[in-house]
file input31.txt (compact mmCIF, C-alpha atoms)
# COMPACT_ATOMS: atom_id res chain seq x y z
CA MET L 850 22.07 68.42 21.84
CA PRO L 851 20.82 69.95 18.59
CA GLN L 852 23.44 71.73 16.55
CA TYR L 853 21.31 74.88 16.26
CA ASP L 854 18.91 76.74 18.53
CA TYR L 855 16.77 77.81 15.58
CA ASP L 856 16.06 76.78 12.04
CA LEU L 857 15.78 80.46 11.09
CA PHE L 858 16.88 83.61 12.85
CA VAL L 859 15.51 86.80 11.27
CA ILE L 860 17.08 90.21 11.84
CA GLY L 861 14.43 92.87 11.30
CA ALA L 862 10.68 92.67 11.95
CA GLY L 863 9.54 94.71 8.96
CA SER L 864 7.21 93.48 6.25
CA GLY L 865 9.55 90.87 4.80
CA GLY L 866 10.99 89.76 8.11
CA VAL L 867 7.60 89.26 9.75
CA ARG L 868 6.25 87.36 6.74
CA ALA L 869 9.23 85.00 6.57
CA SER L 870 9.16 84.46 10.34
CA ARG L 871 5.52 83.60 10.68
CA VAL L 872 5.28 81.45 7.54
CA ALA L 873 8.36 79.45 8.49
CA ALA L 874 7.08 79.06 12.04
CA GLY L 875 3.74 77.95 10.63
CA LEU L 876 5.56 75.12 8.89
CA GLY L 877 6.78 73.92 12.29
CA LYS L 878 10.23 75.46 12.07
CA LYS L 879 11.82 77.01 15.12
CA VAL L 880 12.09 80.72 14.41
CA ALA L 881 13.28 83.83 16.21
CA VAL L 882 13.07 87.41 14.99
CA ALA L 883 15.10 90.30 16.41
CA GLU L 884 13.97 93.93 16.30
CA ASP L 885 15.25 97.07 18.03
CA ARG L 886 12.73 99.69 16.92
CA TYR L 887 9.14 98.77 16.02
CA LEU L 888 7.15 95.96 14.46
CA GLY L 889 6.10 96.31 10.84
CA GLY L 890 9.15 98.25 9.75
CA THR L 891 9.11 101.38 7.61
CA CYS L 892 5.85 100.55 5.85
CA VAL L 893 3.73 100.37 8.98
CA ASN L 894 5.41 103.07 11.04
CA VAL L 895 6.98 105.75 8.83
CA GLY L 896 6.05 104.75 5.31
CA CYS L 897 3.19 103.32 3.29
CA ILE L 898 0.44 103.27 5.90
CA PRO L 899 0.82 106.63 7.67
CA LYS L 900 1.73 108.24 4.33
CA LYS L 901 -1.52 107.02 2.75
CA LEU L 902 -3.47 108.30 5.75
CA LEU L 903 -1.83 111.70 5.25
CA VAL L 904 -2.79 111.57 1.57
CA TYR L 905 -6.41 110.92 2.53
CA ALA L 906 -6.37 113.82 4.98
CA SER L 907 -4.87 116.20 2.45
CA HIS L 908 -7.51 115.44 -0.20
CA TYR L 909 -10.39 116.86 1.82
CA SER L 910 -9.53 120.48 1.08
CA GLU L 911 -9.93 119.83 -2.64
CA ASP L 912 -12.95 117.59 -2.15
CA PHE L 913 -14.74 120.31 -0.15
CA GLU L 914 -13.98 122.81 -2.90
CA HIS L 915 -15.25 120.52 -5.65
CA ALA L 916 -18.41 119.70 -3.71
CA GLN L 917 -19.25 123.37 -3.39
CA GLN L 918 -18.19 124.43 -6.88
CA GLY L 919 -19.81 121.67 -8.87
CA TYR L 920 -22.21 119.55 -6.89
CA GLY L 921 -24.54 121.84 -4.98
CA TRP L 922 -23.14 121.43 -1.49
CA THR L 923 -23.18 124.35 0.92
CA LEU L 924 -20.29 124.16 3.33
CA GLY L 925 -19.78 126.01 6.59
CA PRO L 926 -16.55 127.05 8.30
CA ARG L 927 -13.87 124.37 8.23
CA SER L 928 -10.30 124.00 9.41
CA PHE L 929 -7.66 121.33 9.79
CA ASP L 930 -6.12 120.43 13.14
CA TRP L 931 -2.75 118.72 12.70
CA ALA L 932 -2.45 117.51 16.30
CA THR L 933 -5.84 115.80 16.19
CA PHE L 934 -5.00 113.98 13.00
CA ILE L 935 -1.53 112.88 14.19
CA ALA L 936 -3.05 111.47 17.39
CA LYS L 937 -5.55 109.45 15.34
CA LYS L 938 -2.76 108.27 13.06
CA ASP L 939 -0.63 107.20 16.02
CA THR L 940 -3.50 105.17 17.43
CA GLU L 941 -3.84 103.28 14.16
CA ILE L 942 -0.09 102.64 13.91
CA GLN L 943 -0.06 101.24 17.46
CA ARG L 944 -2.96 98.96 16.50
CA LEU L 945 -0.92 97.65 13.57
CA ASN L 946 2.12 97.09 15.80
CA ASP L 947 -0.05 95.07 18.16
CA PHE L 948 -1.44 93.15 15.19
CA HIS L 949 2.06 92.19 14.02
CA ASP L 950 2.92 91.13 17.57
CA ARG L 951 -0.07 88.78 17.56
CA LEU L 952 0.83 87.43 14.11
CA LEU L 953 4.28 86.42 15.31
CA SER L 954 3.10 85.08 18.65
CA ASN L 955 0.26 83.05 17.17
CA ALA L 956 2.62 81.53 14.61
CA GLY L 957 5.05 80.53 17.35
CA ALA L 958 7.92 82.80 16.33
CA GLU L 959 9.99 84.04 19.26
CA GLN L 960 10.58 87.80 19.46
CA VAL L 961 13.95 89.06 20.66
CA TRP L 962 14.15 92.79 21.37
CA GLY L 963 17.47 94.53 20.85
CA ARG L 964 20.13 95.34 18.27
CA ALA L 965 21.24 92.15 16.51
CA THR L 966 24.60 91.54 14.88
CA VAL L 967 25.89 88.57 12.93
CA ALA L 968 28.77 87.02 14.84
CA GLY L 969 29.33 84.02 12.59
CA PRO L 970 27.81 82.12 9.64
CA HIS L 971 25.36 80.54 12.07
CA GLU L 972 25.52 82.89 15.06
CA VAL L 973 23.59 86.04 15.98
CA ARG L 974 24.25 88.19 19.03
CA VAL L 975 21.66 90.46 20.68
CA GLY L 976 23.17 92.29 23.61
CA ASP L 977 24.95 89.71 25.74
CA ARG L 978 22.89 86.83 24.34
CA SER L 979 24.07 84.50 21.59
CA PHE L 980 21.84 82.45 19.27
CA ARG L 981 22.78 79.72 16.81
CA ALA L 982 20.69 79.20 13.70
CA GLU L 983 20.92 77.02 10.60
CA HIS L 984 19.83 79.97 8.49
CA ILE L 985 20.11 83.71 9.17
CA LEU L 986 17.89 86.16 7.31
CA VAL L 987 18.76 89.86 7.16
CA ALA L 988 15.63 91.94 6.55
CA THR L 989 16.66 95.29 8.00
CA GLY L 990 15.21 97.51 5.27
CA GLY L 991 16.47 100.94 4.33
CA TRP L 992 17.01 104.31 5.98
CA PRO L 993 16.71 107.90 4.70
CA ASP L 994 19.96 109.32 3.40
CA VAL L 995 20.69 113.06 3.69
CA PRO L 996 23.71 114.41 1.81
CA ASP L 997 26.43 116.27 3.65
CA PHE L 998 26.09 120.06 3.31
CA PRO L 999 26.29 123.07 5.65
CA GLY L 1000 23.22 123.08 7.91
CA ARG L 1001 22.04 119.54 7.17
CA GLU L 1002 21.20 119.18 10.88
CA HIS L 1003 18.31 121.61 10.41
CA ALA L 1004 16.58 119.40 7.83
CA VAL L 1005 14.29 116.46 8.54
CA THR L 1006 13.66 113.21 6.68
CA SER L 1007 10.39 111.45 5.94
CA ASN L 1008 10.76 109.64 9.29
CA GLU L 1009 10.31 112.87 11.24
CA MET L 1010 7.53 114.23 9.03
CA PHE L 1011 5.09 111.79 10.60
CA HIS L 1012 5.74 113.23 14.06
CA LEU L 1013 5.88 117.01 13.57
CA LYS L 1014 4.34 118.94 16.45
CA GLU L 1015 2.53 121.33 14.13
CA LEU L 1016 1.84 121.88 10.45
CA PRO L 1017 4.53 124.15 8.99
CA ARG L 1018 3.29 127.27 7.21
CA ARG L 1019 6.05 127.02 4.58
CA THR L 1020 7.58 123.69 3.55
CA VAL L 1021 10.55 123.12 1.28
CA ILE L 1022 10.94 119.59 -0.05
CA VAL L 1023 14.20 118.49 -1.66
CA GLY L 1024 14.12 115.43 -3.89
CA GLY L 1025 12.54 114.00 -6.99
CA GLY L 1026 11.53 110.48 -5.98
CA TYR L 1027 8.11 109.25 -5.01
CA ILE L 1028 8.51 110.23 -1.34
CA ALA L 1029 9.26 113.85 -2.22
CA VAL L 1030 6.43 114.01 -4.74
CA GLU L 1031 3.94 112.49 -2.32
CA PHE L 1032 4.84 114.83 0.54
CA ALA L 1033 4.60 117.83 -1.78
CA GLY L 1034 0.97 116.93 -2.46
CA ILE L 1035 0.28 116.13 1.18
CA MET L 1036 1.62 119.36 2.62
CA ASN L 1037 0.07 121.45 -0.15
CA GLY L 1038 -3.33 119.85 0.41
CA LEU L 1039 -3.16 120.45 4.15
CA GLY L 1040 -2.51 124.16 3.62
CA SER L 1041 1.27 124.53 3.77
CA GLN L 1042 2.97 126.67 1.13
CA VAL L 1043 5.15 124.12 -0.68
CA THR L 1044 8.28 124.49 -2.78
CA GLN L 1045 9.76 121.29 -4.22
CA LEU L 1046 13.34 121.30 -5.48
CA TYR L 1047 14.99 118.66 -7.63
CA ARG L 1048 18.54 118.76 -8.88
CA GLY L 1049 17.69 117.11 -12.24
CA PRO L 1050 15.68 118.33 -15.22
CA LEU L 1051 12.60 116.16 -14.47
CA PHE L 1052 11.59 114.17 -11.39
CA LEU L 1053 10.52 110.51 -10.93
CA ARG L 1054 13.52 109.08 -12.75
CA GLY L 1055 12.76 105.56 -13.99
CA PHE L 1056 9.09 106.24 -14.70
CA ASP L 1057 7.75 106.76 -18.21
CA ASP L 1058 8.62 110.20 -19.56
CA ASP L 1059 5.00 111.06 -20.37
CA VAL L 1060 4.06 110.24 -16.78
CA ARG L 1061 6.83 112.50 -15.49
CA SER L 1062 6.01 115.50 -17.66
CA VAL L 1063 2.23 115.27 -17.24
CA LEU L 1064 2.52 114.92 -13.47
CA ALA L 1065 4.79 117.97 -13.31
CA GLU L 1066 2.13 120.01 -15.14
CA GLU L 1067 -0.65 118.80 -12.87
CA ILE L 1068 1.29 119.39 -9.65
CA ARG L 1069 2.02 122.96 -10.66
CA LYS L 1070 -1.67 123.53 -11.38
CA LYS L 1071 -2.40 122.69 -7.75
CA GLY L 1072 -0.09 125.41 -6.47
CA VAL L 1073 3.16 123.61 -5.69
CA ASP L 1074 6.20 125.70 -6.62
CA LEU L 1075 8.06 122.97 -8.49
CA ARG L 1076 11.65 123.85 -9.45
CA PHE L 1077 13.93 121.57 -11.47
CA ASP L 1078 17.70 121.86 -11.86
CA THR L 1079 17.75 123.38 -8.38
CA ASN L 1080 19.19 122.25 -5.07
CA ILE L 1081 20.05 123.53 -1.61
CA THR L 1082 23.70 124.33 -0.95
CA ALA L 1083 23.33 125.56 2.65
CA LEU L 1084 20.69 125.80 5.36
CA GLU L 1085 20.65 128.24 8.27
CA LYS L 1086 18.32 128.68 11.23
CA ALA L 1087 17.14 132.22 11.99
CA PRO L 1088 16.64 133.55 15.55
CA ASP L 1089 12.86 133.16 15.18
CA GLY L 1090 13.28 129.45 14.40
CA SER L 1091 12.57 129.73 10.70
CA LEU L 1092 15.01 128.39 8.11
CA ARG L 1093 16.82 130.10 5.27
CA ALA L 1094 17.96 127.92 2.37
CA THR L 1095 20.61 129.03 -0.10
CA LEU L 1096 19.97 127.57 -3.55
CA THR L 1097 22.35 126.59 -6.34
CA ASP L 1098 21.54 129.77 -8.28
CA GLY L 1099 22.54 131.90 -5.28
CA SER L 1100 18.99 132.87 -4.33
CA GLU L 1101 17.49 132.26 -0.89
CA LEU L 1102 14.29 130.62 0.21
CA ALA L 1103 12.56 130.98 3.59
CA ALA L 1104 10.85 128.01 5.19
CA ASP L 1105 9.52 126.70 8.46
CA GLN L 1106 10.39 123.08 7.62
CA VAL L 1107 12.84 121.56 5.13
CA LEU L 1108 12.36 117.91 4.17
CA PHE L 1109 15.17 116.06 2.44
CA ALA L 1110 13.73 113.13 0.50
CA THR L 1111 16.83 112.50 -1.56
CA GLY L 1112 17.02 108.75 -1.33
CA ARG L 1113 17.34 105.82 1.04
CA ARG L 1114 20.27 103.53 1.78
CA PRO L 1115 20.14 99.82 2.62
CA ASN L 1116 20.30 99.48 6.40
CA SER L 1117 23.25 97.10 6.59
CA ALA L 1118 25.88 99.05 8.53
CA LYS L 1119 27.35 97.67 11.74
CA LEU L 1120 25.67 94.29 11.44
CA GLY L 1121 28.98 92.40 11.22
CA LEU L 1122 28.32 91.28 7.65
CA GLU L 1123 31.47 92.49 5.92
CA GLU L 1124 33.66 90.91 8.57
CA LEU L 1125 32.14 87.53 7.70
CA GLY L 1126 32.69 87.97 3.98
CA VAL L 1127 29.16 88.94 3.01
CA GLU L 1128 29.53 91.03 -0.15
CA LEU L 1129 27.99 94.50 -0.07
CA ARG L 1130 27.62 97.02 -2.86
CA ALA L 1131 29.00 100.54 -2.53
CA ASN L 1132 25.65 101.78 -1.19
CA GLY L 1133 25.48 99.03 1.44
CA ALA L 1134 23.13 96.71 -0.40
CA ILE L 1135 23.63 93.03 0.36
CA VAL L 1136 24.52 91.14 -2.80
CA VAL L 1137 22.29 88.07 -3.20
CA ASP L 1138 21.75 85.42 -5.84
CA GLU L 1139 18.44 84.62 -7.51
CA TYR L 1140 17.29 82.79 -4.36
CA SER L 1141 18.15 85.66 -1.97
CA ARG L 1142 21.29 83.94 -0.67
CA SER L 1143 24.31 86.08 0.14
CA THR L 1144 27.93 85.19 -0.55
CA VAL L 1145 27.90 83.36 2.80
CA PRO L 1146 25.54 80.42 2.05
CA SER L 1147 23.82 80.35 5.46
CA ILE L 1148 23.04 84.09 5.39
CA HIS L 1149 20.15 85.38 3.29
CA ALA L 1150 18.64 88.81 2.66
CA ILE L 1151 15.36 90.15 1.35
CA GLY L 1152 13.61 93.48 0.98
CA ASP L 1153 15.04 96.97 0.79
CA VAL L 1154 18.40 95.95 2.27
CA THR L 1155 19.12 94.16 -1.03
CA ASP L 1156 18.17 97.23 -3.10
CA ARG L 1157 16.38 95.20 -5.75
CA ILE L 1158 12.89 96.74 -5.80
CA ALA L 1159 12.11 98.72 -2.65
CA LEU L 1160 8.40 97.98 -2.32
CA THR L 1161 6.56 96.25 0.53
CA PRO L 1162 4.77 93.69 -1.68
CA VAL L 1163 8.11 92.77 -3.25
CA ALA L 1164 9.60 92.12 0.20
CA LEU L 1165 6.60 89.93 1.04
CA HIS L 1166 7.02 88.04 -2.23
CA GLU L 1167 10.73 87.53 -1.61
CA ALA L 1168 9.95 86.25 1.89
CA MET L 1169 7.50 83.66 0.58
CA CYS L 1170 9.98 82.51 -2.07
CA LEU L 1171 12.74 82.17 0.52
CA VAL L 1172 10.61 80.02 2.84
CA LYS L 1173 9.70 77.74 -0.07
CA THR L 1174 13.37 77.48 -1.01
CA LEU L 1175 14.70 76.79 2.49
CA PHE L 1176 11.96 74.76 4.12
CA GLU L 1177 9.63 73.30 1.50
CA GLY L 1178 12.13 71.78 -0.88
CA LYS L 1179 10.92 74.05 -3.69
CA PRO L 1180 13.70 76.37 -4.85
CA THR L 1181 11.79 79.48 -5.88
CA ALA L 1182 13.34 82.64 -7.28
CA PRO L 1183 11.36 85.85 -6.74
CA VAL L 1184 10.03 87.49 -9.89
CA HIS L 1185 10.94 91.12 -10.39
CA GLU L 1186 9.35 91.63 -13.82
CA ASN L 1187 6.07 93.49 -14.30
CA VAL L 1188 5.92 94.72 -10.72
CA PRO L 1189 3.11 97.29 -10.49
CA ALA L 1190 3.78 100.52 -8.64
CA ALA L 1191 1.81 103.55 -7.52
CA VAL L 1192 2.87 107.03 -6.54
CA PHE L 1193 0.29 108.61 -4.24
CA SER L 1194 0.95 112.03 -5.65
CA GLN L 1195 -1.88 114.44 -6.41
CA PRO L 1196 -3.01 113.34 -8.95
CA PRO L 1197 -1.70 109.81 -8.37
CA VAL L 1198 0.34 107.62 -10.72
CA GLY L 1199 -0.04 103.95 -11.51
CA SER L 1200 2.41 101.98 -13.62
CA VAL L 1201 3.20 98.42 -14.62
CA GLY L 1202 5.63 97.01 -17.14
CA LEU L 1203 8.07 98.92 -19.31
CA SER L 1204 8.37 102.63 -19.93
CA GLU L 1205 8.35 103.74 -23.56
CA ALA L 1206 12.13 104.25 -23.48
CA GLN L 1207 12.70 100.77 -22.04
CA ALA L 1208 10.39 99.17 -24.59
CA ARG L 1209 12.14 100.89 -27.50
CA GLU L 1210 15.45 99.49 -26.25
CA ARG L 1211 14.09 95.96 -25.91
CA TYR L 1212 11.88 95.55 -28.99
CA ASP L 1213 12.42 96.18 -32.69
CA ALA L 1214 9.15 98.10 -33.04
CA VAL L 1215 6.56 99.36 -30.57
CA ASP L 1216 3.17 101.00 -30.88
CA ILE L 1217 2.18 103.73 -28.44
CA TYR L 1218 -1.42 104.44 -27.47
CA ARG L 1219 -2.01 107.57 -25.42
CA SER L 1220 -5.03 109.51 -24.24
CA ARG L 1221 -5.38 112.67 -22.21
CA PHE L 1222 -8.75 113.98 -21.10
CA ARG L 1223 -10.68 115.73 -18.36
CA ALA L 1224 -12.46 113.22 -16.13
CA LEU L 1225 -16.25 113.35 -15.98
CA LYS L 1226 -16.20 114.58 -12.38
CA HIS L 1227 -14.45 117.79 -13.38
CA THR L 1228 -16.93 118.71 -16.12
CA LEU L 1229 -18.95 120.16 -13.21
CA THR L 1230 -16.19 121.29 -10.85
CA GLY L 1231 -14.37 123.21 -13.54
CA ALA L 1232 -11.04 122.01 -12.17
CA ASP L 1233 -8.22 122.10 -14.69
CA GLU L 1234 -7.04 118.56 -13.94
CA THR L 1235 -6.45 116.06 -16.72
CA THR L 1236 -5.98 112.30 -16.79
CA MET L 1237 -3.29 110.66 -18.93
CA MET L 1238 -3.38 106.99 -19.92
CA LYS L 1239 -0.81 105.15 -22.00
CA LEU L 1240 -0.31 101.69 -23.45
CA ILE L 1241 2.96 100.39 -24.91
CA VAL L 1242 2.68 97.42 -27.29
CA ASP L 1243 5.35 95.18 -28.80
CA ARG L 1244 4.27 95.21 -32.44
CA GLU L 1245 5.59 91.76 -33.32
CA SER L 1246 3.79 89.84 -30.55
CA ASP L 1247 0.97 92.37 -29.97
CA ARG L 1248 1.64 92.03 -26.24
CA VAL L 1249 0.94 95.02 -24.01
CA VAL L 1250 4.31 95.49 -22.32
CA GLY L 1251 3.67 98.77 -20.48
CA LEU L 1252 0.66 100.49 -18.96
CA HIS L 1253 0.74 103.91 -17.30
CA LEU L 1254 -1.83 106.21 -15.72
CA VAL L 1255 -1.79 109.68 -14.19
CA GLY L 1256 -5.18 110.39 -12.66
CA ALA L 1257 -7.67 109.60 -9.94
CA ASP L 1258 -7.60 106.08 -8.45
CA ALA L 1259 -4.49 105.21 -10.46
CA GLY L 1260 -3.28 102.58 -8.02
CA GLU L 1261 -6.66 100.85 -7.81
CA ILE L 1262 -7.05 100.78 -11.60
CA VAL L 1263 -3.54 99.62 -12.45
CA GLN L 1264 -3.61 96.79 -9.89
CA GLY L 1265 -6.26 95.03 -11.95
CA PHE L 1266 -4.55 95.61 -15.26
CA ALA L 1267 -1.28 94.31 -13.76
CA VAL L 1268 -2.84 90.83 -13.78
CA ALA L 1269 -3.42 91.12 -17.52
CA ILE L 1270 0.13 92.36 -18.14
CA GLN L 1271 1.59 89.53 -16.04
CA CYS L 1272 -0.47 87.02 -18.03
CA GLY L 1273 0.87 88.37 -21.34
CA ALA L 1274 -2.34 89.96 -22.60
CA THR L 1275 -2.28 91.32 -26.14
CA LYS L 1276 -3.66 94.56 -27.46
CA ALA L 1277 -6.27 92.53 -29.34
CA GLN L 1278 -7.43 91.06 -26.02
CA PHE L 1279 -7.60 94.54 -24.50
CA ASP L 1280 -9.70 95.65 -27.49
CA ALA L 1281 -12.00 92.65 -27.09
CA THR L 1282 -12.69 93.51 -23.45
CA ILE L 1283 -15.87 95.47 -22.80
CA GLY L 1284 -15.36 98.59 -20.73
CA ILE L 1285 -17.29 99.74 -17.67
CA HIS L 1286 -19.02 103.02 -18.50
CA PRO L 1287 -18.67 105.74 -17.41
CA THR L 1288 -15.24 105.21 -15.87
CA SER L 1289 -11.76 106.45 -16.62
CA ALA L 1290 -10.48 102.87 -16.60
CA GLU L 1291 -12.50 101.99 -19.71
CA GLU L 1292 -10.14 104.15 -21.75
CA PHE L 1293 -7.54 101.39 -21.51
CA VAL L 1294 -9.78 99.07 -23.54
CA THR L 1295 -11.05 101.65 -26.04
CA MET L 1296 -7.81 103.17 -27.38
CA ARG L 1297 -7.73 102.10 -31.05
CA GLU L 1298 -5.21 104.24 -32.94
CA PRO L 1299 -1.50 104.33 -32.07
CA VAL L 1300 0.05 107.77 -31.72
CA GLY L 1301 3.64 106.77 -32.41
CA ASP L 1302 5.80 103.83 -33.42
CA ALA L 1303 9.35 102.76 -34.06
call {"tool": "encode", "arguments": {"input": "input31.txt", "output": "structure tokens"}}
result
Amino acid sequence: MPQYDYDLFVIGAGSGGVRASRVAAGLGKKVAVAEDRYLGGTCVNVGCIPKKLLVYASHYSEDFEHAQQGYGWTLGPRSFDWATFIAKKDTEIQRLNDFHDRLLSNAGAEQVWGRATVAGPHEVRVGDRSFRAEHILVATGGWPDVPDFPGREHAVTSNEMFHLKELPRRTVIVGGGYIAVEFAGIMNGLGSQVTQLYRGPLFLRGFDDDVRSVLAEEIRKKGVDLRFDTNITALEKAPDGSLRATLTDGSELAADQVLFATGRRPNSAKLGLEELGVELRANGAIVVDEYSRSTVPSIHAIGDVTDRIALTPVALHEAMCLVKTLFEGKPTAPVHENVPAAVFSQPPVGSVGLSEAQARERYDAVDIYRSRFRALKHTLTGADETTMMKLIVDRESDRVVGLHLVGADAGEIVQGFAVAIQCGATKAQFDATIGIHPTSAEEFVTMREPVGDA
């Protein structure tokens, strides 16, 4: 009898887990993947995909206004129906779940439904069933974390926001990360009165400071009541079902919905890992080496549960590297440098490489190129929205080491430039590239004079 039932047993059918399962199975390996919630993980069900659909929906109010103000369109009565949109969204999410089911089935990976725990270095239990595998992969993602305070049970997380029965008239959002910023724009665009609270002096910690300050200005222009150095200390439900939040300054704020987007924790609890000697960080993240191997050699982890970079494409990349390492004889460490990122705020943010502060720490001297302007579209709409673009250059090598954008289509624009950054492009090569006119993106190859150096 074979020593193991499977070459690879994956716990978690999110982005990374599905990718590792189907690619390994495609190589002829015997693979099983356990899931107890839904296929596709956070990204497909309560993250990237439904969030982006909400962003699209929320933009129409502004698009209608711009069409009428600047481009000659005459518009009749219009309204937004939350229930209709949510039903359409749910249909698309079910389609994607079915798609992931077919991906696994067609690859030959066995699906096991239920809560999985690790019972040994090579053993996984799901209910009353036991499975032995040469390699175990934990890809269980992350989960929203709400701090403990009086009335926390009246708040919701991003998970529940995708399933609200109706659009709240007044929404309070607590948090300063990308999820909080994105939902502030979404709810504001759909017609909710939005107040966003963040306990620190400026949100989007870790992003370039110019990006953070410019985005704060632009968000306020759109009507979001953005308050820094402010938090909720207590939350009460009134007899009419509304909520009353007590703030750190002692004032009160009324709302119909309070969203806490104050962070996510690696989803590693009650998996049996610590009992086996798998090292976890204080926040629950699984400690792994450069090849995604835990402190128990047969147990591996990828994606948000490792708390390296919590992005879907990073989890996919880590999955591909792990399969090459385990089953193709090609030890491959995932690369976590120059990972591009987008925040689908309104206006959106795109970023790749180092922030100015990071670059000044790493290099002896840097040159900063920055431009802020009103996009051509808004010369007719009259909207007071500006675009900010920034390049950070290591003076000694002339390499562009950071690129940042606040403005329309930021994610689409920065994705292309991320290739150049990854390839080590210099400022001279940017300057030698002919721009596409008229576009905002051409500004990245026409900025000639630095605005600051060190």
call {"tool": "residues_around", "arguments": {"input": "input31.txt", "residues": "L:Asp977", "least_positions_apart": "2", "cutoff": "12 Å", "atoms": "all atoms listed in the file", "output": "CSV table (one decimal) with C-alpha atoms, keeping the file's coordinate frame"}}
result
chain,number,residue,atom,x,y,z
L,963,GLY,CA,17.5,94.5,20.8
L,964,ARG,CA,20.1,95.3,18.3
L,965,ALA,CA,21.2,92.2,16.5
L,966,THR,CA,24.6,91.5,14.9
L,968,ALA,CA,28.8,87.0,14.8
L,973,VAL,CA,23.6,86.0,16.0
L,974,ARG,CA,24.2,88.2,19.0
L,975,VAL,CA,21.7,90.5,20.7
L,979,SER,CA,24.1,84.5,21.6
L,980,PHE,CA,21.8,82.4,19.3
call {"tool": "residues_around", "arguments": {"input": "input31.txt", "residues": "L:Ile860", "least_positions_apart": "2", "cutoff": "12 Å", "atoms": "all atoms listed in the file", "output": "PyMOL selection string"}}
result
chain L and resi 857-858+862-867+869-870+880-886+888+890+959-967+972-975+980+982+984-990+1116-1117+1120+1148-1152+1154
call {"tool": "closest_residue", "arguments": {"input": "input31.txt", "among": "L:Gly1025, L:Ala1134, L:Thr1097, L:Thr1174", "to": "L:Thr1155", "atoms": "all atoms listed in the file"}}
result
L:Ala1134
call {"tool": "residues_around", "arguments": {"input": "input31.txt", "residues": "L:Lys1086", "least_positions_apart": "5", "cutoff": "10 Å", "atoms": "all atoms listed in the file", "output": "ChimeraX atom specification"}}
result
/L:1000,1002-1003,1091-1094,1103-1105
call {"tool": "atom_distance", "arguments": {"input": "input31.txt", "atom1": "atom CA of L:Ala1110", "atom2": "atom CA of L:Val895"}}
result
13.0 Å
call {"tool": "atom_distance", "arguments": {"input": "input31.txt", "atom1": "atom CA of L:Leu1254", "atom2": "atom CA of L:Gly1199"}}
result
5.1 Å
call {"tool": "closest_residue", "arguments": {"input": "input31.txt", "among": "L:Lys879, L:Arg1248, L:Lys900, L:Lys938", "to": "L:Ile1035", "atoms": "all atoms listed in the file"}}
result
L:Lys900
call {"tool": "atom_distance", "arguments": {"input": "input31.txt", "atom1": "atom CA of L:Thr891", "atom2": "atom CA of L:Asp1138"}}
result
24.4 Å
